[in-house]
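A.B. asks: Structure: data_25.tsv, TSV, C-alpha atoms.
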chain	number	residue	atom	x	y	z
D	24	MET	CA	73.51	37.78	126.41
D	25	ALA	CA	71.79	39.56	129.26
D	26	SER	CA	74.10	42.54	128.90
D	27	SER	CA	73.38	42.94	125.21
D	28	SER	CA	69.63	42.88	125.72
D	29	ARG	CA	69.89	45.36	128.55
D	30	ALA	CA	72.06	47.65	126.43
D	31	GLY	CA	68.95	48.65	124.54
D	32	MET	CA	67.40	50.09	127.68
D	33	ARG	CA	70.50	51.74	129.01
D	34	ARG	CA	70.96	53.82	125.91
D	35	GLY	CA	70.53	57.51	126.63
D	36	ALA	CA	70.21	60.52	124.36
D	37	ASN	CA	69.39	59.19	120.94
D	38	PRO	CA	67.79	55.77	121.26
D	39	VAL	CA	65.84	55.43	118.02
D	40	PRO	CA	68.53	55.41	115.32
D	41	GLU	CA	70.75	53.11	117.36
D	42	ALA	CA	67.90	50.64	117.87
D	43	ILE	CA	67.20	50.67	114.14
D	44	LEU	CA	70.89	50.21	113.45
D	45	LEU	CA	70.94	47.15	115.71
D	46	LEU	CA	67.93	45.68	113.87
D	47	PHE	CA	69.60	46.34	110.54
D	48	ARG	CA	72.83	44.70	111.72
D	49	LEU	CA	70.90	41.65	112.93
D	50	PHE	CA	69.06	41.38	109.62
D	51	TRP	CA	72.23	41.75	107.57
D	52	THR	CA	74.21	39.28	109.69
D	53	PHE	CA	71.52	36.60	109.43
D	54	PHE	CA	71.10	37.33	105.71
D	55	LYS	CA	74.82	36.64	105.23
D	56	ILE	CA	74.53	33.46	107.32
D	57	GLY	CA	71.58	32.37	105.16
D	58	ILE	CA	73.61	32.86	101.98
D	59	PHE	CA	76.63	30.90	103.18
D	60	THR	CA	74.93	27.96	104.88
D	61	PHE	CA	75.38	24.87	102.73
D	62	GLY	CA	73.87	21.65	104.03
D	63	GLY	CA	71.30	23.23	106.34
D	64	GLY	CA	70.94	23.20	110.12
D	65	TYR	CA	74.25	22.51	111.80
D	66	ALA	CA	76.25	23.88	108.89
D	67	MET	CA	75.04	27.22	110.21
D	68	ILE	CA	76.73	26.94	113.60
D	69	PRO	CA	80.29	27.81	112.51
D	70	LEU	CA	78.89	30.86	110.71
D	71	ILE	CA	76.91	31.98	113.74
D	72	GLN	CA	80.04	31.57	115.80
D	73	SER	CA	82.13	33.72	113.45
D	74	GLU	CA	79.53	36.37	112.81
D	75	LEU	CA	77.70	36.72	116.11
D	76	VAL	CA	79.87	35.52	118.97
D	77	GLY	CA	82.82	37.63	117.85
D	78	ASP	CA	80.59	40.65	117.35
D	79	GLY	CA	79.29	40.60	120.91
D	80	PHE	CA	75.69	39.71	120.08
D	81	ILE	CA	75.87	36.59	122.23
D	82	THR	CA	78.44	34.70	124.29
D	83	ALA	CA	79.87	31.35	123.19
D	84	GLU	CA	78.18	29.72	126.18
D	85	SER	CA	74.70	31.04	125.46
D	86	LEU	CA	75.06	29.94	121.82
D	87	VAL	CA	75.52	26.37	123.05
D	88	ASP	CA	72.49	26.74	125.32
D	89	PHE	CA	70.46	28.06	122.37
D	90	ILE	CA	71.52	25.08	120.28
D	91	ALA	CA	70.22	22.75	123.01
D	92	VAL	CA	66.92	24.64	123.19
D	93	SER	CA	66.57	24.82	119.39
D	94	GLU	CA	67.19	21.11	119.14
D	95	SER	CA	64.44	20.32	121.61
D	96	THR	CA	61.75	22.51	120.03
D	97	PRO	CA	60.02	21.73	116.72
D	98	GLY	CA	60.65	23.45	113.40
D	99	PRO	CA	63.65	24.40	111.29
D	100	PHE	CA	66.79	24.75	113.41
D	101	ALA	CA	67.82	27.92	111.55
D	102	VAL	CA	64.57	29.68	112.38
D	103	ASN	CA	64.71	28.61	116.02
D	104	ILE	CA	68.22	29.89	116.53
D	105	ALA	CA	67.65	33.14	114.58
D	106	THR	CA	64.52	33.89	116.61
D	107	PHE	CA	66.29	33.13	119.86
D	108	ILE	CA	69.37	35.24	119.18
D	109	GLY	CA	67.33	38.07	117.65
D	110	ILE	CA	65.01	38.34	120.67
D	111	GLU	CA	67.90	38.15	123.14
D	112	ALA	CA	69.72	40.92	121.28
D	113	ALA	CA	66.85	43.29	120.42
D	114	GLY	CA	63.47	42.02	121.60
D	115	VAL	CA	60.67	40.49	119.53
D	116	LEU	CA	61.36	42.84	116.61
D	117	GLY	CA	64.95	41.56	116.66
D	118	GLY	CA	63.57	38.04	116.38
D	119	VAL	CA	61.45	39.04	113.40
D	120	VAL	CA	64.27	40.70	111.44
D	121	SER	CA	66.75	37.90	112.23
D	122	THR	CA	64.30	35.24	111.05
D	123	LEU	CA	63.46	37.19	107.91
D	124	GLY	CA	67.17	37.66	107.26
D	125	VAL	CA	68.01	33.98	107.54
D	126	ILE	CA	65.11	32.74	105.37
D	127	LEU	CA	65.24	35.43	102.67
D	128	PRO	CA	68.23	34.03	100.69
D	129	SER	CA	66.59	30.58	100.49
D	130	PHE	CA	63.27	32.11	99.51
D	131	ILE	CA	64.73	34.30	96.74
D	132	ILE	CA	67.01	31.60	95.31
D	133	LEU	CA	64.33	28.88	95.25
D	134	LEU	CA	61.80	31.32	93.78
D	135	LEU	CA	64.24	32.07	90.94
D	136	ILE	CA	64.92	28.37	90.40
D	137	ALA	CA	61.20	27.48	90.42
D	138	ARG	CA	60.39	30.41	88.10
D	139	PHE	CA	63.25	29.98	85.66
D	140	SER	CA	65.34	26.84	85.77
D	141	ALA	CA	67.81	24.84	87.76
D	142	LYS	CA	70.27	24.79	84.84
D	143	ILE	CA	72.85	26.92	86.62
D	144	LEU	CA	73.11	24.19	89.26
D	145	GLU	CA	74.23	21.79	86.55
D	146	SER	CA	77.00	24.00	85.20
D	147	LYS	CA	80.54	22.68	85.56
D	148	GLY	CA	81.91	25.58	87.59
D	149	PHE	CA	79.06	25.40	90.06
D	150	LYS	CA	79.50	21.67	90.58
D	151	ALA	CA	83.25	22.07	90.98
D	152	ALA	CA	82.75	24.69	93.69
D	153	PHE	CA	80.68	22.18	95.62
D	154	VAL	CA	83.46	19.61	95.44
D	155	GLY	CA	85.42	22.01	97.65
D	156	LEU	CA	82.48	23.36	99.65
D	157	ARG	CA	81.06	20.13	101.01
D	158	PRO	CA	84.13	18.77	102.81
D	159	ALA	CA	84.96	22.28	104.07
D	160	VAL	CA	81.53	22.58	105.71
D	161	ALA	CA	82.04	19.17	107.33
D	162	GLY	CA	85.46	20.33	108.57
D	163	LEU	CA	83.99	23.53	110.00
D	164	VAL	CA	81.23	21.68	111.84
D	165	LEU	CA	83.79	19.16	113.11
D	166	ALA	CA	85.84	22.08	114.43
D	167	VAL	CA	82.81	23.32	116.40
D	168	ALA	CA	82.20	19.87	117.91
D	169	PHE	CA	85.88	19.42	118.78
D	170	THR	CA	86.27	22.88	120.31
D	171	LEU	CA	83.07	22.50	122.33
D	172	ALA	CA	84.15	19.12	123.70
D	173	ALA	CA	87.69	20.29	124.45
D	174	GLU	CA	86.49	23.41	126.25
D	175	ARG	CA	84.00	21.38	128.29
D	176	ILE	CA	86.77	19.10	129.49
D	177	PHE	CA	89.42	21.81	129.95
D	178	PRO	CA	87.49	25.02	130.73
D	179	SER	CA	90.60	27.21	130.72
D	180	LEU	CA	91.59	26.12	127.22
D	181	ASP	CA	91.42	28.64	124.37
D	182	LEU	CA	92.22	26.82	121.14
D	183	ASN	CA	91.44	29.83	118.98
D	184	ALA	CA	94.13	31.91	120.65
D	185	LEU	CA	96.50	28.92	120.81
D	186	ARG	CA	96.41	29.03	124.61
D	187	PHE	CA	96.83	25.41	125.68
D	188	ASP	CA	96.11	25.73	129.37
D	189	PHE	CA	95.15	22.32	130.71
D	190	GLY	CA	95.06	23.56	134.32
D	191	VAL	CA	91.36	23.07	135.00
D	192	PHE	CA	89.91	19.64	134.34
D	193	ASP	CA	86.21	18.76	134.44
D	194	ALA	CA	85.85	15.01	134.98
D	195	TYR	CA	82.05	15.15	134.96
D	196	ALA	CA	82.12	16.61	131.45
D	197	VAL	CA	84.24	13.64	130.32
D	198	ILE	CA	81.71	11.23	131.84
D	199	ILE	CA	78.72	12.93	130.20
D	200	LEU	CA	80.47	13.34	126.82
D	201	THR	CA	81.58	9.72	126.71
D	202	PHE	CA	78.25	8.36	127.88
D	203	ILE	CA	76.20	10.41	125.40
D	204	PHE	CA	78.62	9.65	122.54
D	205	VAL	CA	78.56	5.88	123.13
D	206	LEU	CA	74.79	5.95	123.58
D	207	SER	CA	74.26	7.89	120.35
D	208	ARG	CA	76.49	5.51	118.38
D	209	LYS	CA	75.00	2.34	119.90
D	210	CYS	CA	71.36	3.34	119.48
D	211	LYS	CA	71.29	5.43	116.34
D	212	LYS	CA	67.50	5.58	116.41
D	213	LEU	CA	67.56	7.53	119.67
D	214	SER	CA	66.27	11.04	119.04
D	215	PRO	CA	68.56	13.98	119.88
D	216	ILE	CA	65.91	15.26	122.29
D	217	LEU	CA	66.15	12.10	124.34
D	218	LEU	CA	69.95	12.39	124.35
D	219	LEU	CA	69.67	15.98	125.57
D	220	LEU	CA	67.21	14.96	128.27
D	221	ILE	CA	69.55	12.24	129.52
D	222	ALA	CA	72.46	14.71	129.49
D	223	ALA	CA	70.42	17.26	131.46
D	224	VAL	CA	69.59	14.65	134.12
D	225	LEU	CA	73.26	13.59	134.24
D	226	GLY	CA	74.23	17.26	134.65
D	227	VAL	CA	71.87	17.78	137.57
D	228	VAL	CA	72.96	14.54	139.25
D	229	LEU	CA	76.73	14.95	138.75
D	230	TYR	CA	77.15	18.70	139.28
D	231	GLY	CA	74.28	19.12	141.72
D	232	ILE	CA	74.63	16.14	144.02
D	233	PHE	CA	78.31	15.12	143.91
C	7	MET	CA	47.40	24.25	87.81
C	8	ARG	CA	48.03	27.31	89.98
C	9	LYS	CA	44.98	28.00	92.04
C	10	ILE	CA	44.51	30.86	94.44
C	11	HIS	CA	42.10	28.90	96.64
C	12	LYS	CA	44.90	26.51	97.54
C	13	ILE	CA	46.85	29.24	99.30
C	14	PRO	CA	45.24	28.95	102.77
C	15	ASP	CA	45.62	25.18	102.48
C	16	LEU	CA	49.32	25.59	101.64
C	17	PHE	CA	49.81	27.83	104.65
C	18	LEU	CA	48.11	25.39	107.03
C	19	THR	CA	49.81	22.28	105.63
C	20	PHE	CA	53.27	23.81	105.93
C	21	MET	CA	52.43	25.14	109.37
C	22	LYS	CA	51.65	21.57	110.38
C	23	ILE	CA	54.96	20.40	108.91
C	24	GLY	CA	56.79	23.15	110.80
C	25	ALA	CA	55.06	22.38	114.07
C	26	PHE	CA	55.64	18.65	114.11
C	27	THR	CA	59.18	18.14	112.89
C	28	PHE	CA	62.10	18.15	115.25
C	29	GLY	CA	65.63	18.78	114.07
C	30	GLY	CA	64.54	20.56	110.91
C	31	GLY	CA	66.28	20.18	107.57
C	32	TYR	CA	66.32	16.70	106.13
C	33	ALA	CA	64.39	15.34	109.13
C	34	MET	CA	61.48	17.31	107.70
C	35	ILE	CA	61.47	15.59	104.31
C	36	PRO	CA	59.63	12.32	105.19
C	37	ILE	CA	56.84	14.23	106.94
C	38	MET	CA	56.64	16.70	104.07
C	39	GLN	CA	56.49	13.80	101.62
C	40	ARG	CA	53.55	12.29	103.47
C	41	GLU	CA	51.66	15.58	103.60
C	42	VAL	CA	52.21	16.98	100.12
C	43	VAL	CA	52.57	13.76	98.10
C	44	ASP	CA	50.43	11.13	99.83
C	45	VAL	CA	47.74	13.28	101.44
C	46	LYS	CA	47.39	16.35	99.21
C	47	HIS	CA	48.70	14.97	95.89
C	48	TRP	CA	50.22	18.38	95.13
C	49	VAL	CA	53.53	17.02	93.86
C	50	THR	CA	55.02	13.62	93.02
C	51	ASP	CA	57.83	11.67	94.65
C	52	GLU	CA	60.00	12.67	91.70
C	53	ASP	CA	59.46	16.33	92.56
C	54	ILE	CA	60.64	15.63	96.11
C	55	VAL	CA	63.81	14.00	94.78
C	56	LYS	CA	64.36	16.99	92.48
C	57	LEU	CA	63.83	19.28	95.44
C	58	LEU	CA	66.44	17.36	97.45
C	59	VAL	CA	68.97	17.69	94.63
C	60	ILE	CA	68.32	21.44	94.45
C	61	SER	CA	68.59	21.79	98.24
C	62	GLU	CA	71.92	19.96	98.14
C	63	SER	CA	73.35	22.56	95.79
C	64	THR	CA	71.82	25.77	97.07
C	65	PRO	CA	72.54	27.61	100.29
C	66	GLY	CA	70.09	28.36	103.07
C	67	VAL	CA	67.43	26.79	105.19
C	68	ILE	CA	66.27	23.44	103.76
C	69	ALA	CA	62.73	23.74	105.17
C	70	VAL	CA	62.38	27.13	103.47
C	71	ASN	CA	63.82	25.77	100.22
C	72	ALA	CA	61.18	23.04	100.25
C	73	ALA	CA	58.29	25.34	101.20
C	74	THR	CA	59.21	27.93	98.56
C	75	TYR	CA	59.67	25.37	95.80
C	76	ILE	CA	56.50	23.37	96.45
C	77	GLY	CA	54.48	26.49	97.28
C	78	TYR	CA	55.49	28.10	94.00
C	79	HIS	CA	54.44	25.08	91.97
C	80	ILE	CA	51.02	25.01	93.60
C	81	GLY	CA	50.21	28.69	93.95
C	82	GLY	CA	52.85	30.86	92.26
C	83	PHE	CA	54.56	33.63	94.24
C	84	TRP	CA	51.80	33.89	96.85
C	85	GLY	CA	51.81	30.13	97.25
C	86	ALA	CA	55.57	30.21	97.88
C	87	LEU	CA	55.17	33.04	100.38
C	88	SER	CA	52.33	31.42	102.33
C	89	ALA	CA	54.05	28.02	102.47
C	90	THR	CA	57.27	29.64	103.71
C	91	LEU	CA	55.50	31.73	106.34
C	92	GLY	CA	53.58	28.63	107.37
C	93	VAL	CA	56.69	26.51	107.92
C	94	VAL	CA	58.43	29.30	109.86
C	95	LEU	CA	55.59	30.49	112.07
C	96	PRO	CA	55.38	27.62	114.63
C	97	SER	CA	59.14	27.84	115.36
C	98	PHE	CA	58.96	31.57	115.70
C	99	ALA	CA	55.96	31.47	118.04
C	100	ILE	CA	57.35	28.69	120.24
C	101	ILE	CA	60.80	30.26	120.61
C	102	THR	CA	59.28	33.67	121.35
C	103	LEU	CA	57.29	32.09	124.17
C	104	ILE	CA	60.36	30.29	125.51
C	105	THR	CA	62.49	33.45	125.60
C	106	PHE	CA	59.95	35.04	127.93
C	107	PHE	CA	60.62	32.37	130.54
C	108	TYR	CA	64.24	31.66	129.66
C	109	ALA	CA	65.88	34.25	131.95
C	110	GLN	CA	63.91	33.25	135.08
C	111	PHE	CA	64.38	29.63	134.20
C	112	LYS	CA	68.16	29.99	133.83
C	113	ALA	CA	68.42	31.66	137.24
C	114	LEU	CA	67.52	28.38	138.97
C	115	LEU	CA	70.65	26.60	140.15
C	116	TRP	CA	69.61	23.09	139.13
C	117	VAL	CA	68.70	24.35	135.67
C	118	GLU	CA	72.26	25.66	135.37
C	119	TYR	CA	73.50	22.16	136.27
C	120	ALA	CA	71.18	20.68	133.66
C	121	PHE	CA	72.60	23.07	131.08
C	122	MET	CA	76.14	22.02	132.01
C	123	GLY	CA	75.11	18.49	131.07
C	124	LEU	CA	73.36	19.72	127.93
C	125	ARG	CA	76.43	21.58	126.68
C	126	ALA	CA	78.42	18.34	126.68
C	127	ALA	CA	75.62	16.57	124.79
C	128	VAL	CA	75.44	19.37	122.20
C	129	ALA	CA	79.08	18.64	121.29
C	130	VAL	CA	78.13	15.01	120.62
C	131	ILE	CA	75.02	15.94	118.59
C	132	ILE	CA	77.08	18.31	116.45
C	133	LEU	CA	79.71	15.60	115.98
C	134	ASN	CA	76.98	13.22	114.78
C	135	ALA	CA	75.94	15.91	112.27
C	136	VAL	CA	79.48	15.69	110.83
C	137	PHE	CA	79.02	11.95	110.26
C	138	LYS	CA	75.81	12.72	108.37
C	139	LEU	CA	77.46	15.48	106.33
C	140	THR	CA	80.35	13.23	105.27
C	141	LYS	CA	78.25	10.12	104.60
C	142	SER	CA	76.90	11.22	101.22
C	143	GLY	CA	80.04	13.02	100.05
C	144	LYS	CA	83.06	11.77	98.14
C	145	LYS	CA	85.94	10.31	100.10
C	146	ASP	CA	88.85	11.03	97.78
C	147	LEU	CA	92.16	12.62	98.79
C	148	PHE	CA	91.08	16.14	97.81
C	149	SER	CA	87.94	16.00	100.00
C	150	ILE	CA	89.90	14.68	102.97
C	151	LEU	CA	92.55	17.39	102.57
C	152	VAL	CA	89.93	20.15	102.39
C	153	LEU	CA	88.09	18.76	105.42
C	154	CYS	CA	91.29	18.62	107.48
C	155	ALA	CA	92.42	22.07	106.35
C	156	ALA	CA	89.06	23.63	107.20
C	157	PHE	CA	89.06	21.88	110.57
C	158	LEU	CA	92.58	22.99	111.51
C	159	VAL	CA	92.15	26.58	110.33
C	160	ALA	CA	88.80	26.96	112.10
C	161	THR	CA	89.99	25.36	115.33
C	162	PHE	CA	93.31	27.11	115.74
C	163	THR	CA	93.03	30.46	113.97
C	164	GLY	CA	89.40	31.52	114.23
C	165	LEU	CA	89.42	32.74	110.62
C	166	ASN	CA	85.90	33.77	109.59
C	167	ALA	CA	83.82	30.77	108.48
C	168	ILE	CA	82.53	32.62	105.39
C	169	LEU	CA	86.12	33.15	104.20
C	170	ILE	CA	86.95	29.48	104.75
C	171	ILE	CA	83.87	28.47	102.73
C	172	LEU	CA	84.80	30.87	99.92
C	173	PHE	CA	88.40	29.59	99.82
C	174	ALA	CA	87.10	26.01	99.69
C	175	ALA	CA	84.77	26.84	96.78
C	176	ILE	CA	87.67	28.44	94.88
C	177	ALA	CA	89.85	25.41	95.67
C	178	GLY	CA	87.09	23.17	94.27
C	179	ILE	CA	86.93	25.17	91.04
C	180	LEU	CA	90.73	25.15	90.64
C	181	TYR	CA	90.80	21.41	91.32
C	182	GLY	CA	88.12	20.96	88.64
C	183	VAL	CA	90.18	22.95	86.14
C	184	ILE	CA	93.34	20.94	86.92
C	185	LEU	CA	91.45	17.65	86.55
C	186	ALA	CA	89.95	18.77	83.24
C	187	ARG	CA	93.40	19.76	81.91
C	188	ARG	CA	94.97	16.52	83.01
C	189	ASN	CA	92.17	14.55	81.37
C	190	ALA	CA	92.52	16.55	78.15
C	191	LYS	CA	96.26	15.71	78.06
C	192	GLY	CA	96.10	12.11	79.19
C	193	GLY	CA	93.02	11.14	77.24
C	194	GLU	CA	91.60	8.65	79.70
C	195	PRO	CA	89.92	10.28	82.72
C	196	ARG	CA	91.47	9.38	86.04
C	197	ALA	CA	89.80	9.36	89.40
Mind turning the file's structure into structure tokens?

C.D. replies:
Amino acid sequence: MASSSRAGMRRGANPVPEAILLLFRLFWTFFKIGIFTFGGGYAMIPLIQSELVGDGFITAESLVDFIAVSESTPGPFAVNIATFIGIEAAGVLGGVVSTLGVILPSFIILLLIARFSAKILESKGFKAAFVGLRPAVAGLVLAVAFTLAAERIFPSLDLNALRFDFGVFDAYAVIILTFIFVLSRKCKKLSPILLLLIAAVLGVVLYGIF
Amino acid sequence: MRKIHKIPDLFLTFMKIGAFTFGGGYAMIPIMQREVVDVKHWVTDEDIVKLLVISESTPGVIAVNAATYIGYHIGGFWGALSATLGVVLPSFAIITLITFFYAQFKALLWVEYAFMGLRAAVAVIILNAVFKLTKSGKKDLFSILVLCAAFLVATFTGLNAILIILFAAIAGILYGVILARRNAKGGEPRA
């Protein structure tokens, strides 16, 4: 992430068009993400992974860090993450265009529905599409959770490239994962922020002291 | 019903909602309900339910869906715009502030250790989001097959998520057509 934000300064001869191009790409990418996010919040993560991590805007690791930060600050998750990634990639203006990009589809669609009608949502074809969409989104989010957990435990694993290298094993990650999972299932009222706080303390204690 | 003088009020109310809800999305609905139904009497509980149904079947950011929809009913286009900007602004301001300190903050060794713990917890929080996503949905064979297929393809091939979502939507439409045909032939609808 640091390299992509520095790239803006390193640019030589013709900085203006390239900077504008970067802003346009950020806007367009987040606009696409806004259109294809069904179910809000976490349903966005697989899309961000496909669209932004692969494109070199951010690394997979910093995306996870951003998710943790977005979860522990108030407001819509989508806006938090768009602002964060946009600023890291292209400064405050990057944050503005990314946020506008991600909220614009919602704004336009709801404006049309409020102005005209929600009848299209009741059409048969539309409803049928959602019969397929909903479980697929759940599957995609599950894939993110699974991949994240697996790569925490076996850092040299690359599931996407079918590279099953179990050589490196992180026992502390197993401890933290299991503890947080059991805790979150036992006390469902516990807020995610508290879970994150506990995990951060566990991280400092396990990795820092032992 | 649409009054221009309500626009600053819309902006401030939705700014409050944006500033005090953690987790976003559906976590925002109870607080929004209190503010716009109980306190301001702008809309009714029925409108909130309608809004939820619409949010379920439209893409995008749920908080923005809600702000646009309620804002439009109270103050037309400008109402929608001010409510949306209001709900977005606190997040934007807070994250902008955080990014200024983020790099220095991350350079500290113990913060890196804390983040190593956080990354494991994020996996769990995302997994819990899956439980929420599947809770309200159908649990028939088709849904389970689509969920598994999306999971396997995304985990082991890295196919673009947008393509997977599009394929799933097409699969849903085809499944609907097949069901309709079968019902037309067999008479009695089958689950």

A.B. asks: Excluding segment 95-109 of chain C and any residue of its chain fewer than 5 positions from it, enumerate the residues within 6 Å of it, using all atoms listed in the file, and give them as a ChimeraX atom specification.

C.D. replies: /D:98,103 /C:25

A.B. asks: I'd like to know which of C:Val93, C:Ile10, C:Ala86, C:Ala155 is closest to Ile68 of chain C, using all atoms listed in the file.

C.D. replies: C:Val93

A.B. asks: Excluding Phe59 of chain D and residues on its chain fewer than 3 positions from it, collect all residues at most 9 Å away from it, counting only C-alpha atoms, and give them as a PyMOL selection string.

C.D. replies: (chain D and resi 54-56+67+70) or (chain C and resi 65-66+167-168+171-172)

A.B. asks: I'd like the neighbourhood of Lys56 of chain C as a list in words, where a residue qualifies if any of its atoms comes within 12 Å (using all atoms listed in the file), though same-chain residues fewer than 2 positions away should be ignored.

C.D. replies: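 That gives Ile136, Ala137, Ser140, Ala141 and Leu144 of chain D; Val49, Thr50, Asp51, Glu52, Asp53, Ile54, Leu58, Val59, Ile60, Ser61, Glu62, Ser63, Asn71, Ala72, Tyr75 and Ile76 of chain C.
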
A.B. asks: Write the residues you've just listed into a file as a compact mmCIF listing (two decimals), in the coordinates of the input, and include C-alpha atoms for each of them.

C.D. replies:
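Okay, this is what ended up in again.txt:
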# COMPACT_ATOMS: atom_id res chain seq x y z
CA ILE D 136 64.92 28.37 90.40
CA ALA D 137 61.20 27.48 90.42
CA SER D 140 65.34 26.84 85.77
CA ALA D 141 67.81 24.84 87.76
CA LEU D 144 73.11 24.19 89.26
CA VAL C 49 53.53 17.02 93.86
CA THR C 50 55.02 13.62 93.02
CA ASP C 51 57.83 11.67 94.65
CA GLU C 52 60.00 12.67 91.70
CA ASP C 53 59.46 16.33 92.56
CA ILE C 54 60.64 15.63 96.11
CA LEU C 58 66.44 17.36 97.45
CA VAL C 59 68.97 17.69 94.63
CA ILE C 60 68.32 21.44 94.45
CA SER C 61 68.59 21.79 98.24
CA GLU C 62 71.92 19.96 98.14
CA SER C 63 73.35 22.56 95.79
CA ASN C 71 63.82 25.77 100.22
CA ALA C 72 61.18 23.04 100.25
CA TYR C 75 59.67 25.37 95.80
CA ILE C 76 56.50 23.37 96.45

A.B. asks: Which residue, C:Gly24, C:Gly81, C:Leu165, C:Leu114, has the smallest gap to chain D when you use all atoms listed in the file?

C.D. replies: C:Gly24

A.B. asks: For the atom pair atom CA of Ser73 of chain D and atom CA of Ile90 of chain D, what is the interatomic distance in Å to one decimal place?

C.D. replies: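 So the two atoms, atom CA of Ser73 of chain D and atom CA of Ile90 of chain D, lie 15.3 Å apart.
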
A.B. asks: May I ask which of the residues C:Arg187, C:Lys22, C:Lys141, C:Arg125 is the closest one to chain D, counting all atoms listed in the file?

C.D. replies: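 For chain D, the nearest of the candidates is C:Arg125.
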
A.B. asks: For the atom pair atom CA of Phe233 of chain D and atom CA of Phe169 of chain D, what is the interatomic distance in Å to one decimal place?

C.D. replies: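 The value is 26.6 Å.
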